[in-house]
file structure_9.cif (mmCIF, C-alpha atoms)
data_work
loop_
_atom_site.label_atom_id
_atom_site.label_comp_id
_atom_site.auth_asym_id
_atom_site.auth_seq_id
_atom_site.Cartn_x
_atom_site.Cartn_y
_atom_site.Cartn_z
CA PRO A 2 -30.27 -3.94 20.90
CA GLN A 3 -33.21 -4.66 18.67
CA SER A 4 -33.46 -3.35 15.13
CA ARG A 5 -35.96 -0.69 14.30
CA ALA A 6 -38.43 -1.16 11.46
CA ALA A 7 -37.20 0.38 8.22
CA GLY A 8 -37.46 0.09 4.46
CA PRO A 9 -35.40 -2.53 2.65
CA LEU A 10 -33.05 -0.02 1.02
CA SER A 11 -32.48 2.10 4.10
CA PRO A 12 -29.36 1.80 6.28
CA GLN A 13 -31.53 0.15 8.92
CA GLY A 14 -32.99 -2.24 6.34
CA ALA A 15 -31.26 -4.44 3.76
CA LEU A 16 -28.01 -2.46 3.78
CA GLY A 17 -27.78 -2.67 7.53
CA ARG A 18 -28.42 -6.41 7.44
CA PHE A 19 -25.70 -6.78 4.80
CA TRP A 20 -22.93 -5.00 6.71
CA LEU A 21 -23.85 -5.65 10.34
CA PRO A 22 -24.68 -8.69 12.48
CA HIS A 23 -28.31 -9.70 13.11
CA ASN A 24 -30.45 -7.32 15.21
CA VAL A 25 -27.91 -4.48 14.85
CA THR A 26 -28.50 -1.27 12.88
CA TRP A 27 -26.41 1.78 12.09
CA ALA A 28 -28.55 3.73 14.56
CA ASP A 29 -27.35 1.43 17.33
CA LEU A 30 -23.78 2.52 16.57
CA ALA A 31 -24.55 6.23 16.69
CA GLY A 32 -23.11 6.46 20.19
CA GLU A 33 -24.55 7.84 23.37
CA PRO A 34 -25.55 11.52 23.67
CA GLY A 35 -23.81 13.72 26.17
CA GLY A 36 -20.26 12.48 25.57
CA GLY A 37 -20.89 8.80 26.30
CA LEU A 38 -19.69 5.84 24.27
CA GLN A 39 -18.41 6.70 20.81
CA TYR A 40 -18.33 4.29 17.86
CA PRO A 41 -16.79 4.75 14.39
CA ARG A 42 -18.95 6.73 11.99
CA ALA A 43 -18.80 7.13 8.23
CA GLY A 44 -18.22 10.87 8.61
CA HIS A 45 -15.00 10.27 10.52
CA VAL A 46 -13.17 9.14 7.37
CA LEU A 47 -13.65 12.59 5.82
CA SER A 48 -11.03 13.95 8.20
CA ALA A 49 -8.48 11.85 6.30
CA PHE A 50 -8.65 14.23 3.30
CA PRO A 51 -7.20 17.40 4.90
CA LEU A 52 -4.75 15.20 6.81
CA ALA A 53 -3.66 13.56 3.53
CA LEU A 54 -2.97 16.99 2.02
CA GLY A 55 -0.94 17.84 5.12
CA ILE A 56 1.05 14.62 4.82
CA PHE A 57 1.68 15.36 1.14
CA ALA A 58 2.97 18.83 2.03
CA VAL A 59 5.22 17.37 4.75
CA ARG A 60 6.54 14.87 2.20
CA LEU A 61 7.53 17.65 -0.21
CA LEU A 62 9.37 19.52 2.55
CA PHE A 63 10.97 16.31 3.85
CA GLU A 64 12.26 15.27 0.42
CA ARG A 65 13.66 18.73 -0.33
CA PHE A 66 15.28 19.66 2.98
CA ILE A 67 16.13 16.28 4.53
CA ALA A 68 16.17 13.43 1.99
CA LYS A 69 17.88 15.32 -0.85
CA PRO A 70 20.83 16.59 1.27
CA CYS A 71 21.25 13.05 2.66
CA ALA A 72 21.34 11.64 -0.88
CA ILE A 73 23.91 14.19 -2.04
CA ASN A 74 26.10 13.43 0.99
CA LEU A 75 25.97 9.76 -0.02
CA GLY A 76 27.23 10.63 -3.48
CA ILE A 77 23.93 10.36 -5.36
CA GLN A 78 24.00 12.98 -8.09
CA ASP A 79 21.06 15.07 -9.26
CA SER A 80 21.69 14.20 -12.89
CA GLY A 81 19.15 12.52 -15.11
CA PRO A 82 19.71 10.21 -18.08
CA HIS A 83 21.04 11.38 -21.42
CA ARG A 84 18.37 13.55 -23.03
CA ALA A 85 17.21 12.75 -26.56
CA GLN A 86 18.02 15.20 -29.35
CA PRO A 87 14.96 17.43 -30.02
CA ASN A 88 13.06 16.17 -33.05
CA ALA A 89 9.41 17.08 -33.71
CA ILE A 90 8.65 14.08 -35.94
CA LEU A 91 10.06 11.45 -33.57
CA GLU A 92 8.50 13.20 -30.58
CA LYS A 93 5.08 13.03 -32.23
CA VAL A 94 5.53 9.31 -32.93
CA PHE A 95 6.69 8.74 -29.36
CA THR A 96 3.80 10.57 -27.69
CA SER A 97 0.97 9.70 -30.09
CA ILE A 98 1.74 6.32 -31.68
CA THR A 99 4.33 4.13 -29.99
CA LYS A 100 7.31 4.34 -27.66
CA SER A 101 8.93 1.25 -29.19
CA PRO A 102 8.50 1.31 -33.00
CA ASP A 103 8.80 -1.94 -34.93
CA GLY A 104 11.16 -2.59 -37.83
CA LYS A 105 8.77 -1.41 -40.53
CA ARG A 106 8.12 1.91 -38.81
CA LEU A 107 11.83 2.38 -38.15
CA GLU A 108 12.56 1.94 -41.86
CA GLY A 109 9.91 4.54 -42.74
CA LEU A 110 11.29 7.04 -40.22
CA SER A 111 14.80 6.38 -41.48
CA LYS A 112 13.81 7.34 -45.02
CA GLN A 113 11.77 10.34 -43.85
CA LEU A 114 14.54 11.79 -41.66
CA ASP A 115 17.52 10.43 -43.61
CA TRP A 116 18.79 8.93 -40.35
CA ASP A 117 20.37 5.56 -39.74
CA VAL A 118 17.99 3.00 -38.16
CA ARG A 119 20.37 2.47 -35.22
CA LYS A 120 20.40 6.22 -34.58
CA ILE A 121 16.59 6.26 -34.44
CA GLN A 122 16.57 3.26 -32.08
CA ARG A 123 19.06 5.08 -29.85
CA TRP A 124 16.85 8.20 -29.89
CA PHE A 125 13.82 6.21 -28.72
CA ARG A 126 15.88 4.52 -26.01
CA HIS A 127 17.11 7.88 -24.71
CA ARG A 128 13.60 9.28 -24.91
CA ARG A 129 12.17 6.39 -22.87
CA ASN A 130 14.90 6.76 -20.24
CA GLN A 131 14.20 10.48 -20.12
CA ASP A 132 10.78 9.78 -18.56
CA LYS A 133 12.18 7.52 -15.86
CA PRO A 134 12.73 9.01 -12.40
CA THR A 135 16.34 9.69 -11.44
CA THR A 136 18.11 7.75 -8.70
CA LEU A 137 17.97 10.87 -6.53
CA THR A 138 14.18 11.08 -6.97
CA LYS A 139 13.74 7.40 -6.10
CA PHE A 140 16.03 7.75 -3.07
CA CYS A 141 14.04 10.70 -1.70
CA GLU A 142 10.75 8.85 -2.22
CA SER A 143 12.03 5.70 -0.50
CA MET A 144 13.47 7.69 2.39
CA TRP A 145 10.09 9.34 2.96
CA ARG A 146 8.30 5.99 2.92
CA PHE A 147 10.93 4.44 5.18
CA THR A 148 10.48 7.27 7.68
CA PHE A 149 6.69 7.01 7.68
CA TYR A 150 6.49 3.20 7.78
CA LEU A 151 9.01 3.01 10.63
CA SER A 152 7.28 5.79 12.59
CA ILE A 153 3.76 4.37 12.16
CA PHE A 154 5.00 0.86 12.99
CA LEU A 155 6.59 2.04 16.24
CA TYR A 156 3.44 3.99 17.11
CA GLY A 157 1.32 0.93 16.35
CA ILE A 158 3.45 -1.32 18.56
CA LYS A 159 3.33 1.21 21.39
CA PHE A 160 -0.44 1.55 21.06
CA LEU A 161 -1.20 -2.16 20.66
CA TRP A 162 1.11 -3.22 23.48
CA SER A 163 -1.51 -2.13 26.01
CA ALA A 164 -4.48 -3.29 23.90
CA PRO A 165 -6.13 -6.53 25.10
CA TRP A 166 -6.73 -7.82 21.54
CA PHE A 167 -2.98 -7.68 20.86
CA TRP A 168 -2.47 -10.55 23.32
CA ASP A 169 -5.78 -12.32 22.79
CA THR A 170 -7.27 -12.03 19.28
CA ARG A 171 -10.64 -13.26 20.56
CA GLN A 172 -11.03 -9.76 21.99
CA CYS A 173 -11.30 -8.49 18.40
CA TRP A 174 -14.82 -9.97 18.27
CA TYR A 175 -15.91 -9.78 21.88
CA ASN A 176 -19.22 -7.87 22.00
CA TYR A 177 -18.78 -6.92 18.32
CA PRO A 178 -19.75 -4.41 16.98
CA PHE A 179 -20.33 -2.59 20.28
CA GLN A 180 -16.67 -1.80 20.89
CA PRO A 181 -16.03 1.82 21.91
CA LEU A 182 -13.63 3.88 19.82
CA THR A 183 -10.67 5.36 21.70
CA SER A 184 -8.86 8.49 20.57
CA ARG A 185 -5.53 6.67 20.07
CA LEU A 186 -7.20 4.01 17.92
CA TYR A 187 -8.95 6.70 15.88
CA TYR A 188 -5.71 8.61 15.24
CA TYR A 189 -3.85 5.42 14.25
CA TYR A 190 -6.51 4.34 11.77
CA ILE A 191 -7.16 7.75 10.22
CA LEU A 192 -3.42 8.43 9.90
CA GLU A 193 -2.93 5.18 7.97
CA LEU A 194 -5.91 6.03 5.75
CA ALA A 195 -4.63 9.57 5.14
CA PHE A 196 -1.19 8.25 4.18
CA TYR A 197 -2.63 6.05 1.43
CA TRP A 198 -4.76 8.95 0.21
CA SER A 199 -1.57 11.02 0.00
CA LEU A 200 0.05 8.24 -2.08
CA MET A 201 -2.98 8.39 -4.35
CA PHE A 202 -2.60 12.16 -4.75
CA SER A 203 1.13 11.96 -5.39
CA GLN A 204 0.69 9.55 -8.30
CA PHE A 205 -0.72 12.40 -10.37
CA THR A 206 2.10 14.82 -9.55
CA ASP A 207 5.07 12.43 -9.62
CA ILE A 208 6.71 11.23 -12.81
CA LYS A 209 4.34 8.73 -14.40
CA ARG A 210 5.66 5.19 -14.21
CA LYS A 211 4.88 1.94 -15.98
CA ASP A 212 3.08 0.52 -12.94
CA PHE A 213 0.83 3.59 -12.58
CA LEU A 214 -2.42 1.69 -13.14
CA ILE A 215 -1.38 -1.24 -10.92
CA MET A 216 -0.44 1.03 -8.04
CA PHE A 217 -3.57 3.13 -8.55
CA VAL A 218 -5.75 0.03 -8.18
CA HIS A 219 -3.66 -1.10 -5.21
CA HIS A 220 -4.04 2.23 -3.38
CA LEU A 221 -7.74 2.33 -4.22
CA ALA A 222 -8.27 -1.19 -2.85
CA THR A 223 -6.28 -0.41 0.30
CA ILE A 224 -8.24 2.79 0.91
CA GLY A 225 -11.51 0.90 0.40
CA LEU A 226 -10.54 -1.85 2.82
CA ILE A 227 -9.39 0.57 5.53
CA THR A 228 -12.50 2.73 5.07
CA PHE A 229 -15.05 -0.11 5.18
CA SER A 230 -13.32 -1.88 8.06
CA TYR A 231 -13.50 1.41 10.00
CA MET A 232 -17.17 2.02 9.16
CA ASN A 233 -18.02 -1.54 10.24
CA ASN A 234 -16.05 -1.11 13.48
CA MET A 235 -13.57 -3.86 12.56
CA VAL A 236 -10.83 -1.57 13.78
CA ARG A 237 -9.42 -3.97 16.34
CA VAL A 238 -8.46 -6.67 13.86
CA GLY A 239 -7.69 -3.89 11.35
CA THR A 240 -4.99 -2.45 13.62
CA LEU A 241 -3.35 -5.89 13.86
CA VAL A 242 -3.33 -6.28 10.07
CA LEU A 243 -1.95 -2.76 9.52
CA CYS A 244 0.81 -3.23 12.08
CA LEU A 245 1.83 -6.59 10.61
CA HIS A 246 2.15 -5.10 7.13
CA ASP A 247 4.12 -2.09 8.37
CA ALA A 248 6.56 -4.46 10.12
CA SER A 249 8.16 -5.47 6.82
CA ASP A 250 7.48 -2.41 4.66
CA PHE A 251 10.11 -0.17 6.27
CA LEU A 252 12.76 -2.90 5.84
CA LEU A 253 12.02 -3.06 2.11
CA GLU A 254 12.45 0.71 1.84
CA ALA A 255 15.72 0.50 3.79
CA ALA A 256 17.00 -2.08 1.30
CA LYS A 257 16.04 0.23 -1.57
CA LEU A 258 17.90 3.13 0.05
CA ALA A 259 21.05 1.03 0.36
CA ASN A 260 20.66 -0.12 -3.25
CA TYR A 261 20.38 3.46 -4.56
CA ALA A 262 23.44 4.47 -2.50
CA LYS A 263 25.34 1.46 -3.95
CA TYR A 264 25.92 -0.20 -0.58
CA GLN A 265 25.31 -3.66 -1.95
CA ARG A 266 26.14 -5.66 1.18
CA VAL A 267 23.88 -3.48 3.31
CA CYS A 268 21.17 -3.80 0.66
CA ASP A 269 21.46 -7.62 0.65
CA ALA A 270 21.38 -7.74 4.46
CA PHE A 271 18.26 -5.58 4.68
CA PHE A 272 16.59 -7.52 1.91
CA MET A 273 17.28 -10.86 3.61
CA LEU A 274 15.95 -9.43 6.88
CA PHE A 275 12.90 -8.13 5.01
CA GLY A 276 12.32 -11.61 3.54
CA VAL A 277 12.49 -13.27 6.95
CA VAL A 278 10.16 -10.73 8.60
CA PHE A 279 7.77 -10.87 5.64
CA ILE A 280 7.52 -14.67 5.76
CA VAL A 281 7.18 -14.79 9.56
CA THR A 282 4.52 -12.07 9.75
CA ARG A 283 2.50 -12.88 6.63
CA LEU A 284 2.99 -16.63 6.36
CA GLY A 285 2.94 -17.34 10.08
CA ILE A 286 1.46 -14.66 12.30
CA PHE A 287 -1.02 -13.29 9.75
CA PRO A 288 -2.92 -16.46 8.70
CA PHE A 289 -2.58 -18.39 11.97
CA TRP A 290 -2.97 -15.59 14.50
CA CYS A 291 -4.95 -12.72 12.94
CA THR A 292 -7.42 -15.05 11.17
CA GLU A 293 -7.52 -17.60 13.97
CA ASN A 294 -10.85 -16.38 15.33
CA VAL A 295 -12.39 -15.00 12.15
CA VAL A 296 -14.97 -17.81 12.16
CA THR A 297 -16.48 -16.38 15.34
CA ALA A 298 -17.67 -13.23 13.57
CA ASP A 299 -21.17 -12.91 12.17
CA ASP A 300 -22.41 -13.21 8.59
CA CYS A 301 -21.32 -10.54 6.10
CA SER A 302 -18.73 -9.15 8.50
CA VAL A 303 -16.78 -12.38 7.96
CA TRP A 304 -16.99 -12.06 4.19
CA VAL A 305 -15.78 -8.47 4.28
CA LEU A 306 -12.83 -9.48 6.44
CA LEU A 307 -11.97 -12.45 4.23
CA CYS A 308 -11.99 -10.19 1.16
CA ALA A 309 -9.64 -7.86 3.03
CA PHE A 310 -7.27 -10.74 3.79
CA ILE A 311 -7.27 -11.91 0.17
CA SER A 312 -6.52 -8.40 -1.10
CA TRP A 313 -3.81 -7.76 1.48
CA ALA A 314 -2.22 -11.10 0.51
CA PHE A 315 -1.10 -9.45 -2.75
CA HIS A 316 0.26 -6.35 -1.03
CA ASP A 317 4.04 -6.20 -1.65
CA GLN A 318 5.97 -7.02 -4.81
CA PRO A 319 9.60 -5.91 -4.32
CA ALA A 320 11.12 -4.30 -7.41
CA PHE A 321 14.83 -5.11 -7.33
CA PRO A 322 16.86 -5.33 -10.55
CA THR A 323 18.68 -8.47 -9.36
CA GLY A 324 18.27 -12.22 -9.69
CA VAL A 325 16.88 -12.39 -6.16
CA LEU A 326 13.55 -11.05 -7.47
CA LYS A 327 12.80 -14.29 -9.34
CA ARG A 328 13.42 -16.36 -6.22
CA TRP A 329 11.33 -13.93 -4.15
CA ARG A 330 8.35 -14.21 -6.48
CA LYS A 331 8.40 -17.99 -6.06
CA TRP A 332 8.17 -17.54 -2.28
CA HIS A 333 5.44 -14.94 -2.73
CA LEU A 334 3.44 -17.33 -4.90
CA ILE A 335 3.74 -20.02 -2.20
CA TYR A 336 2.60 -17.44 0.36
CA VAL A 337 -0.49 -16.54 -1.67
CA LEU A 338 -1.37 -20.22 -2.17
CA ILE A 339 -1.03 -21.02 1.53
CA SER A 340 -3.04 -17.92 2.48
CA GLY A 341 -5.76 -18.95 0.02
CA LEU A 342 -5.82 -22.48 1.47
CA GLN A 343 -6.11 -21.08 4.98
CA LEU A 344 -9.07 -18.89 3.98
CA LYS A 345 -10.71 -21.75 2.06
CA LEU A 346 -10.53 -23.97 5.15
CA SER A 347 -12.03 -21.14 7.19
CA LEU A 348 -14.97 -20.93 4.80
CA VAL A 349 -15.53 -24.68 5.09
CA PHE A 350 -15.97 -24.40 8.85
CA LEU A 351 -18.21 -21.32 8.76
#
call {"tool": "encode", "arguments": {"input": "structure_9.cif", "output": "structure tokens"}}
result
Amino acid sequence: PQSRAAGPLSPQGALGRFWLPHNVTWADLAGEPGGGLQYPRAGHVLSAFPLALGIFAVRLLFERFIAKPCAINLGIQDSGPHRAQPNAILEKVFTSITKSPDGKRLEGLSKQLDWDVRKIQRWFRHRRNQDKPTTLTKFCESMWRFTFYLSIFLYGIKFLWSAPWFWDTRQCWYNYPFQPLTSRLYYYYILELAFYWSLMFSQFTDIKRKDFLIMFVHHLATIGLITFSYMNNMVRVGTLVLCLHDASDFLLEAAKLANYAKYQRVCDAFFMLFGVVFIVTRLGIFPFWCTENVVTADDCSVWVLLCAFISWAFHDQPAFPTGVLKRWRKWHLIYVLISGLQLKLSLVFL
């Protein structure tokens, strides 16, 4: 199809040339009237908002009526850390000034309250622990994520098994961007988008954690990548990337569940399995299979996809309080470096 004349700032003008291949406009992707071919539209992503609220509601019910009874049956108690003794002066310092006072401030508080310095340090330690989520809370959250990641991964495998681009990645770019949108592909993509929106919502209702800002930026970047890949009709390669990431995510959550339940051997087994699957999918399949034909795409579409790959390369950072975390981060750094080298070589040959 030939582009229609339009102003430089219109969707058919400069913006259209930025996001789409040559001689293609957003109007060309509007679909055929009368129930013909249907392509992804920007308005479709709005349906993720009510679905995200529904997922959030399901999560609350799941954690209360399924995950919590399972945790209690495994011996995980609904008891939080030792609560700090109520003290208005220390509470004001904790909330308004600092959560970890230095020696000089501790001496001043000691004189003001006539307390021993060690007693004040103990109060601040208890107060910091008081804001941390309990093991029961973390177990319920991980069980919900495990259930979703496993379910969406199995659905993705079932859906992609009959998709031609699952067996031949060149099909991801055949006749791009004129690739009709099927209902199963739409549901898969919007469900993934809605889930990450629900994670974004839950951050403001859950207990605030130290990595709040990091996870907020992560969720925001993931939502942006899924949204723009959908609007640009990069959904075929997007489904491959989503499925590959879900393949290891549910194993990580399973390891966390075993860790919270104090089944250390099961935790180690799941974590080792997670490490193997992570390395195979993201060090092997992801850079050498998903990105194999990225150089066949046109112009800015390639750059958008490469940015998505770079962002997704930093996706998972397991948080285990064991020595295995240090070794894992070394492997993760190697993974990022190799992924960056792969993308750099791709740019050279563009």
call {"tool": "atom_distance", "arguments": {"input": "structure_9.cif", "atom1": "atom CA of Ala85 of chain A", "atom2": "atom CA of Asp132 of chain A"}}
result
10.7 Å
call {"tool": "resolve_selection", "arguments": {"input": "structure_9.cif", "expression": "the PyMOL selection byres ((chain A and resi 51-58) around 9)", "output": "PyMOL selection string"}}
result
chain A and resi 47-50+59-63+191-192+194-200+202-203
call {"tool": "write_last_selection", "arguments": {"input": "structure_9.cif", "atoms": "C-alpha atoms", "output": "CSV table (one decimal), in the coordinates of the input"}}
result
chain,number,residue,atom,x,y,z
A,47,LEU,CA,-13.6,12.6,5.8
A,48,SER,CA,-11.0,14.0,8.2
A,49,ALA,CA,-8.5,11.8,6.3
A,50,PHE,CA,-8.6,14.2,3.3
A,59,VAL,CA,5.2,17.4,4.8
A,60,ARG,CA,6.5,14.9,2.2
A,61,LEU,CA,7.5,17.6,-0.2
A,62,LEU,CA,9.4,19.5,2.6
A,63,PHE,CA,11.0,16.3,3.8
A,191,ILE,CA,-7.2,7.8,10.2
A,192,LEU,CA,-3.4,8.4,9.9
A,194,LEU,CA,-5.9,6.0,5.8
A,195,ALA,CA,-4.6,9.6,5.1
A,196,PHE,CA,-1.2,8.2,4.2
A,197,TYR,CA,-2.6,6.0,1.4
A,198,TRP,CA,-4.8,9.0,0.2
A,199,SER,CA,-1.6,11.0,0.0
A,200,LEU,CA,0.0,8.2,-2.1
A,202,PHE,CA,-2.6,12.2,-4.8
A,203,SER,CA,1.1,12.0,-5.4
call {"tool": "residues_around", "arguments": {"input": "structure_9.cif", "residues": "segment 231-238 of chain A", "least_positions_apart": "3", "cutoff": "8 Å", "atoms": "only C-alpha atoms", "output": "list in words"}}
result
Trp20, Leu21, Tyr40, Pro41, Arg42, Ala43, Trp166, Thr170, Cys173, Pro178, Gln180, Leu186, Tyr190, Ile227, Thr228, Leu241, Val242, Cys291 and Ser302 of chain A
call {"tool": "write_last_selection", "arguments": {"input": "structure_9.cif", "atoms": "C-alpha atoms", "output": "short mmCIF file (atom, residue, chain, number, x, y, z; two decimals), in the coordinates of the input"}}
result
data_model
loop_
_atom_site.label_atom_id
_atom_site.label_comp_id
_atom_site.auth_asym_id
_atom_site.auth_seq_id
_atom_site.Cartn_x
_atom_site.Cartn_y
_atom_site.Cartn_z
CA TRP A 20 -22.93 -5.00 6.71
CA LEU A 21 -23.85 -5.65 10.34
CA TYR A 40 -18.33 4.29 17.86
CA PRO A 41 -16.79 4.75 14.39
CA ARG A 42 -18.95 6.73 11.99
CA ALA A 43 -18.80 7.13 8.23
CA TRP A 166 -6.73 -7.82 21.54
CA THR A 170 -7.27 -12.03 19.28
CA CYS A 173 -11.30 -8.49 18.40
CA PRO A 178 -19.75 -4.41 16.98
CA GLN A 180 -16.67 -1.80 20.89
CA LEU A 186 -7.20 4.01 17.92
CA TYR A 190 -6.51 4.34 11.77
CA ILE A 227 -9.39 0.57 5.53
CA THR A 228 -12.50 2.73 5.07
CA LEU A 241 -3.35 -5.89 13.86
CA VAL A 242 -3.33 -6.28 10.07
CA CYS A 291 -4.95 -12.72 12.94
CA SER A 302 -18.73 -9.15 8.50
#
call {"tool": "resolve_selection", "arguments": {"input": "structure_9.cif", "expression": "the PyMOL selection byres ((chain A and resi 146-154) around 12)", "output": "JSON, numbers by chain"}}
result
{"A": [56, 57, 59, 60, 63, 64, 67, 68, 139, 140, 141, 142, 143, 144, 145, 155, 156, 157, 158, 159, 160, 161, 162, 188, 189, 190, 191, 192, 193, 194, 195, 196, 197, 199, 200, 240, 241, 242, 243, 244, 245, 246, 247, 248, 249, 250, 251, 252, 253, 254, 255, 256, 257, 258, 259]}
call {"tool": "resolve_selection", "arguments": {"input": "structure_9.cif", "expression": "the PyMOL selection byres ((chain A and resi 88) around 12)", "output": "list in words"}}
result
Arg84, Ala85, Gln86, Pro87, Ala89, Ile90, Leu91, Glu92, Lys93, Val94, Phe95, Leu110, Leu114, Trp116, Ile121, Trp124, Phe125 and Arg128 of chain A
call {"tool": "atom_distance", "arguments": {"input": "structure_9.cif", "atom1": "atom CA of Lys120 of chain A", "atom2": "atom CA of Asp79 of chain A"}}
result
26.8 Å
call {"tool": "atom_distance", "arguments": {"input": "structure_9.cif", "atom1": "atom CA of Phe229 of chain A", "atom2": "atom CA of Ser163 of chain A"}}
result
24.9 Å
call {"tool": "closest_residue", "arguments": {"input": "structure_9.cif", "among": "A:Asn74, A:Thr282, A:Thr223, A:Thr206", "to": "Leu137 of chain A", "atoms": "only C-alpha atoms"}}
result
A:Asn74
call {"tool": "residues_around", "arguments": {"input": "structure_9.cif", "residues": "segment 210-217 of chain A", "least_positions_apart": "4", "cutoff": "8 Å", "atoms": "only C-alpha atoms", "output": "list in words"}}
result
Lys133, Met201, Gln204 and Leu221 of chain A
call {"tool": "decode", "arguments": {"input": "structure_9.cif", "residues": "segment 118-134 of chain A", "atoms": "N, CA, C and O atoms", "output": "JSON list (two decimals), in the first residue's frame"}}
result
[["chain", "number", "residue", "atom", "x", "y", "z"],
["A", 118, "VAL", "N", 22.39, 3.74, 74.55],
["A", 118, "VAL", "CA", 22.56, 3.79, 73.09],
["A", 118, "VAL", "C", 22.18, 2.46, 72.45],
["A", 118, "VAL", "O", 21.52, 2.41, 71.40],
["A", 119, "ARG", "N", 22.59, 1.36, 73.07],
["A", 119, "ARG", "CA", 22.27, 0.03, 72.52],
["A", 119, "ARG", "C", 20.76, -0.22, 72.49],
["A", 119, "ARG", "O", 20.24, -0.87, 71.58],
["A", 120, "LYS", "N", 20.05, 0.32, 73.49],
["A", 120, "LYS", "CA", 18.60, 0.17, 73.51],
["A", 120, "LYS", "C", 17.96, 0.94, 72.36],
["A", 120, "LYS", "O", 17.00, 0.46, 71.73],
["A", 121, "ILE", "N", 18.50, 2.13, 72.05],
["A", 121, "ILE", "CA", 17.98, 2.92, 70.93],
["A", 121, "ILE", "C", 18.28, 2.23, 69.61],
["A", 121, "ILE", "O", 17.44, 2.19, 68.70],
["A", 122, "GLN", "N", 19.49, 1.67, 69.47],
["A", 122, "GLN", "CA", 19.84, 0.92, 68.25],
["A", 122, "GLN", "C", 18.90, -0.26, 68.07],
["A", 122, "GLN", "O", 18.45, -0.54, 66.95],
["A", 123, "ARG", "N", 18.59, -0.96, 69.16],
["A", 123, "ARG", "CA", 17.67, -2.10, 69.10],
["A", 123, "ARG", "C", 16.27, -1.65, 68.69],
["A", 123, "ARG", "O", 15.58, -2.33, 67.93],
["A", 124, "TRP", "N", 15.85, -0.47, 69.19],
["A", 124, "TRP", "CA", 14.53, 0.05, 68.82],
["A", 124, "TRP", "C", 14.46, 0.31, 67.32],
["A", 124, "TRP", "O", 13.46, -0.06, 66.66],
["A", 125, "PHE", "N", 15.49, 0.95, 66.77],
["A", 125, "PHE", "CA", 15.49, 1.23, 65.33],
["A", 125, "PHE", "C", 15.54, -0.05, 64.51],
["A", 125, "PHE", "O", 14.92, -0.13, 63.44],
["A", 126, "ARG", "N", 16.26, -1.06, 64.99],
["A", 126, "ARG", "CA", 16.30, -2.33, 64.27],
["A", 126, "ARG", "C", 14.93, -2.99, 64.25],
["A", 126, "ARG", "O", 14.46, -3.48, 63.21],
["A", 127, "HIS", "N", 14.26, -3.01, 65.40],
["A", 127, "HIS", "CA", 12.91, -3.57, 65.46],
["A", 127, "HIS", "C", 11.94, -2.77, 64.60],
["A", 127, "HIS", "O", 11.05, -3.35, 63.95],
["A", 128, "ARG", "N", 12.12, -1.45, 64.60],
["A", 128, "ARG", "CA", 11.21, -0.61, 63.82],
["A", 128, "ARG", "C", 11.40, -0.85, 62.32],
["A", 128, "ARG", "O", 10.42, -0.84, 61.55],
["A", 129, "ARG", "N", 12.65, -1.04, 61.88],
["A", 129, "ARG", "CA", 12.89, -1.33, 60.46],
["A", 129, "ARG", "C", 12.30, -2.69, 60.08],
["A", 129, "ARG", "O", 11.69, -2.84, 59.02],
["A", 130, "ASN", "N", 12.49, -3.68, 60.94],
["A", 130, "ASN", "CA", 11.94, -5.01, 60.66],
["A", 130, "ASN", "C", 10.43, -5.02, 60.66],
["A", 130, "ASN", "O", 9.80, -5.84, 59.99],
["A", 131, "GLN", "N", 9.85, -4.09, 61.41],
["A", 131, "GLN", "CA", 8.40, -4.00, 61.50],
["A", 131, "GLN", "C", 7.76, -3.68, 60.15],
["A", 131, "GLN", "O", 6.63, -4.08, 59.87],
["A", 132, "ASP", "N", 8.49, -2.96, 59.29],
["A", 132, "ASP", "CA", 7.97, -2.58, 57.97],
["A", 132, "ASP", "C", 8.20, -3.66, 56.92],
["A", 132, "ASP", "O", 7.70, -3.54, 55.80],
["A", 133, "LYS", "N", 8.96, -4.68, 57.25],
["A", 133, "LYS", "CA", 9.22, -5.73, 56.28],
["A", 133, "LYS", "C", 8.03, -6.69, 56.20],
["A", 133, "LYS", "O", 7.39, -6.96, 57.21],
["A", 134, "PRO", "N", 7.73, -7.21, 55.02],
["A", 134, "PRO", "CA", 6.63, -8.16, 54.91],
["A", 134, "PRO", "C", 6.96, -9.47, 55.63],
["A", 134, "PRO", "O", 8.12, -9.89, 55.68]]
